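*Asks:* This is the structure, below, for whatever I ask next.
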Amino acid sequence: MSDSPLRYRTPAAWTETVLADFDSFLQDHAAAEKKASGMAISMLSHYPDKVELVAAMADLAVEEMTHYREVVKWIHRRGLLTAADEKDPYVIALRESIRRGRDEYLLDRLLTASIIEARGAERFGLVAGALDPGPLQSFYQSIARSEERHYTLFLELAHVYLDEAIIAPRWNALLDIEASIAAALPLRAALH
C-alpha cells in the first residue's frame, strides 16, 4: 500500500507468525470477512436516510460475504472446518474510541472502518508478498486491493456527510490511536 495512512508498520515477525500457522490465519480471516459484512449491514440499517451510504454498504456487505465464501473454500481445501468466531482485541480497542453524538458517531464509525480496512490492506499485502506464486498468492493480492478500495470508500463517505474541518483532526487522532493499538498487539496467526 504505497499511500497508506497508517502510522505503524507491521513488523516482519507478524508475517512469519502467520506463515508458521496459516490454518489458524485462514480461520481468523474468514471470521474477519463475515464480521465486515455484518458491520456493513449494521451501517446501512443504522442510517437508512443516507442514500449513498446505504448503496455503498449494500455492495460492501455482498463483497465481504463473497470474500468469506472464497476463504471458506481455501479452508475446506486444506481439510479444515470453519471455527467459531473469536473476539478481535484490535477492533474492540479501536471501537472504544467511537464517540457518542449524532455526527461524532457517524464520523467515528466511518473513520475507524477506514482505518481497519487500511490495516487489512497492509497485512493482506504482506501475506501475499510472503506466499509462493500461485492461486493462494493471487487471492491475497486481490484481497489486499479490495481492502485498499474499502479504506478509500469509507473516507469518501465521511466527506459526503461531514465537513473536512471536522474530518481531518479526527482522522489524525484516530490514526495515532490505531498506531498505539497495533503496536501493542501480541503476535499471533490472525489478521490483528
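Residue names in the C-alpha cells use chain letters A, B, ... in the order shown, residue numbers from 1 in each chain, and ligand numbers from 1 in the order shown.
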Within 9 Å of His192 in chain A, counting only C-alpha atoms, which residues qualify if same-chain residues fewer than 6 places away don't, as a ChimeraX atom specification?

*Replies:* /A:28,88-91,119-120,123,182,185-186

*Asks:* May I have the residues within 10 Å of Ile167 in chain A as a PDB file with C-alpha atoms, in the first residue's frame, using only C-alpha atoms and disregarding those fewer than 3 positions away in the same chain?

*Replies:*
```pdb
ATOM      1  CA  GLU A 104     -19.487  12.303  16.022  1.00  0.00           C
ATOM      2  CA  LEU A 107     -17.773  10.227  11.629  1.00  0.00           C
ATOM      3  CA  ASP A 108     -16.006   7.876  14.020  1.00  0.00           C
ATOM      4  CA  LEU A 111     -13.106   6.664  10.039  1.00  0.00           C
ATOM      5  CA  LEU A 155     -13.123   8.119   3.786  1.00  0.00           C
ATOM      6  CA  ALA A 158     -17.174  10.694   5.526  1.00  0.00           C
ATOM      7  CA  HIS A 159     -16.680  13.571   3.078  1.00  0.00           C
ATOM      8  CA  LEU A 162     -19.367  15.724   7.105  1.00  0.00           C
ATOM      9  CA  ASP A 163     -17.150  18.766   6.748  1.00  0.00           C
ATOM     10  CA  GLU A 164     -13.405  18.444   6.158  1.00  0.00           C
ATOM     11  CA  ARG A 170     -10.350  13.352  13.987  1.00  0.00           C
ATOM     12  CA  TRP A 171      -8.662  11.270  11.242  1.00  0.00           C
ATOM     13  CA  ASN A 172      -5.264  12.254  12.618  1.00  0.00           C
TER      14      ASN A 172
END
```

*Asks:* Would you please give, as an MDAnalysis selection string, all residues of range 22-83 of chain A that DSSP assigns to alpha helix (DSSP H) based on the backbone?

*Replies:* chainID A and resid 22:46 51:77

*Asks:* Create the file for the chosen residues now, containing C-alpha atoms and written as a short mmCIF file (atom, residue, chain, number, x, y, z; two decimals), in the first residue's frame.

*Replies:*
```
data_model
loop_
_atom_site.label_atom_id
_atom_site.label_comp_id
_atom_site.auth_asym_id
_atom_site.auth_seq_id
_atom_site.Cartn_x
_atom_site.Cartn_y
_atom_site.Cartn_z
CA PHE A 22 -1.52 -20.49 8.19
CA ASP A 23 -4.50 -22.70 9.04
CA SER A 24 -5.28 -20.51 12.08
CA PHE A 25 -4.79 -17.39 9.97
CA LEU A 26 -7.34 -18.65 7.43
CA GLN A 27 -9.86 -19.28 10.23
CA ASP A 28 -9.37 -15.75 11.52
CA HIS A 29 -9.53 -14.29 8.02
CA ALA A 30 -12.89 -15.99 7.41
CA ALA A 31 -14.26 -14.57 10.66
CA ALA A 32 -12.99 -11.08 9.75
CA GLU A 33 -14.75 -11.15 6.37
CA LYS A 34 -18.01 -12.29 7.98
CA LYS A 35 -17.78 -9.55 10.61
CA ALA A 36 -17.03 -6.94 7.94
CA SER A 37 -20.17 -7.94 6.07
CA GLY A 38 -22.17 -7.68 9.29
CA MET A 39 -20.71 -4.25 10.00
CA ALA A 40 -21.79 -3.03 6.54
CA ILE A 41 -25.33 -4.30 7.18
CA SER A 42 -25.33 -2.61 10.59
CA MET A 43 -24.29 0.69 8.97
CA LEU A 44 -27.00 0.63 6.31
CA SER A 45 -29.59 -0.32 8.93
CA HIS A 46 -28.50 2.49 11.26
CA VAL A 51 -28.71 7.14 0.22
CA GLU A 52 -25.02 6.98 -0.78
CA LEU A 53 -24.09 5.14 2.41
CA VAL A 54 -26.92 2.59 2.07
CA ALA A 55 -25.97 1.83 -1.55
CA ALA A 56 -22.26 1.54 -0.72
CA MET A 57 -22.82 -0.64 2.34
CA ALA A 58 -25.20 -2.97 0.47
CA ASP A 59 -22.48 -3.53 -2.14
CA LEU A 60 -19.82 -3.89 0.54
CA ALA A 61 -21.82 -6.46 2.52
CA VAL A 62 -22.13 -8.63 -0.59
CA GLU A 63 -18.44 -8.22 -1.47
CA GLU A 64 -17.30 -9.13 2.06
CA MET A 65 -19.54 -12.23 2.06
CA THR A 66 -18.06 -13.19 -1.32
CA HIS A 67 -14.61 -12.93 0.27
CA TYR A 68 -15.85 -15.03 3.17
CA ARG A 69 -17.07 -17.69 0.75
CA GLU A 70 -13.69 -17.72 -1.00
CA VAL A 71 -11.74 -18.05 2.27
CA VAL A 72 -14.05 -20.89 3.31
CA LYS A 73 -13.14 -22.69 0.07
CA TRP A 74 -9.45 -22.40 0.97
CA ILE A 75 -10.20 -23.70 4.47
CA HIS A 76 -12.12 -26.70 3.08
CA ARG A 77 -9.41 -27.44 0.50
#
```

*Asks:* Between A:Ile143, A:Ala84, A:Val18, A:Ala12, which residue has the minimum interatomic distance to Ala118 in chain A, considering only C-alpha atoms?

*Replies:*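 Of A:Ile143, A:Ala84, A:Val18, A:Ala12, the one nearest Ala118 in chain A, counting only C-alpha atoms, is A:Ile143.
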
*Asks:* Interatomic distance between CA of Ile181 in chain A and CA of Gly101 in chain A?

*Replies:*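 Atom-to-atom, CA of Ile181 in chain A to CA of Gly101 in chain A, that is 23.8 Å.
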
*Asks:* Just how far from CA of Tyr8 in chain A is CA of Leu106 in chain A, in Å to one decimal?

*Replies:*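 Those two atoms sit 24.8 Å apart.
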
*Asks:* So which one's closest to Pro5 in chain A, A:Ser180, A:Ser142, A:Arg102, A:Ala121? Using only C-alpha atoms, please.

*Replies:*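 Using only C-alpha atoms, the shortest distance to Pro5 in chain A belongs to A:Ala121.
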
*Asks:* Do a neighbour search on Trp14 in chain A at 6 Å with only C-alpha atoms, toss out local chain neighbours closer than 3 positions, and write the hits as a PyMOL selection string.

*Replies:* chain A and resi 11+17+187

*Asks:* Select, from A:Ala190, A:Glu16, A:Ser97, A:Asp132, the residue with the minimum atom-to-atom distance to Asp176 in chain A, counting only C-alpha atoms.

*Replies:*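 Under the stated criterion, the closest residue is A:Ser97.
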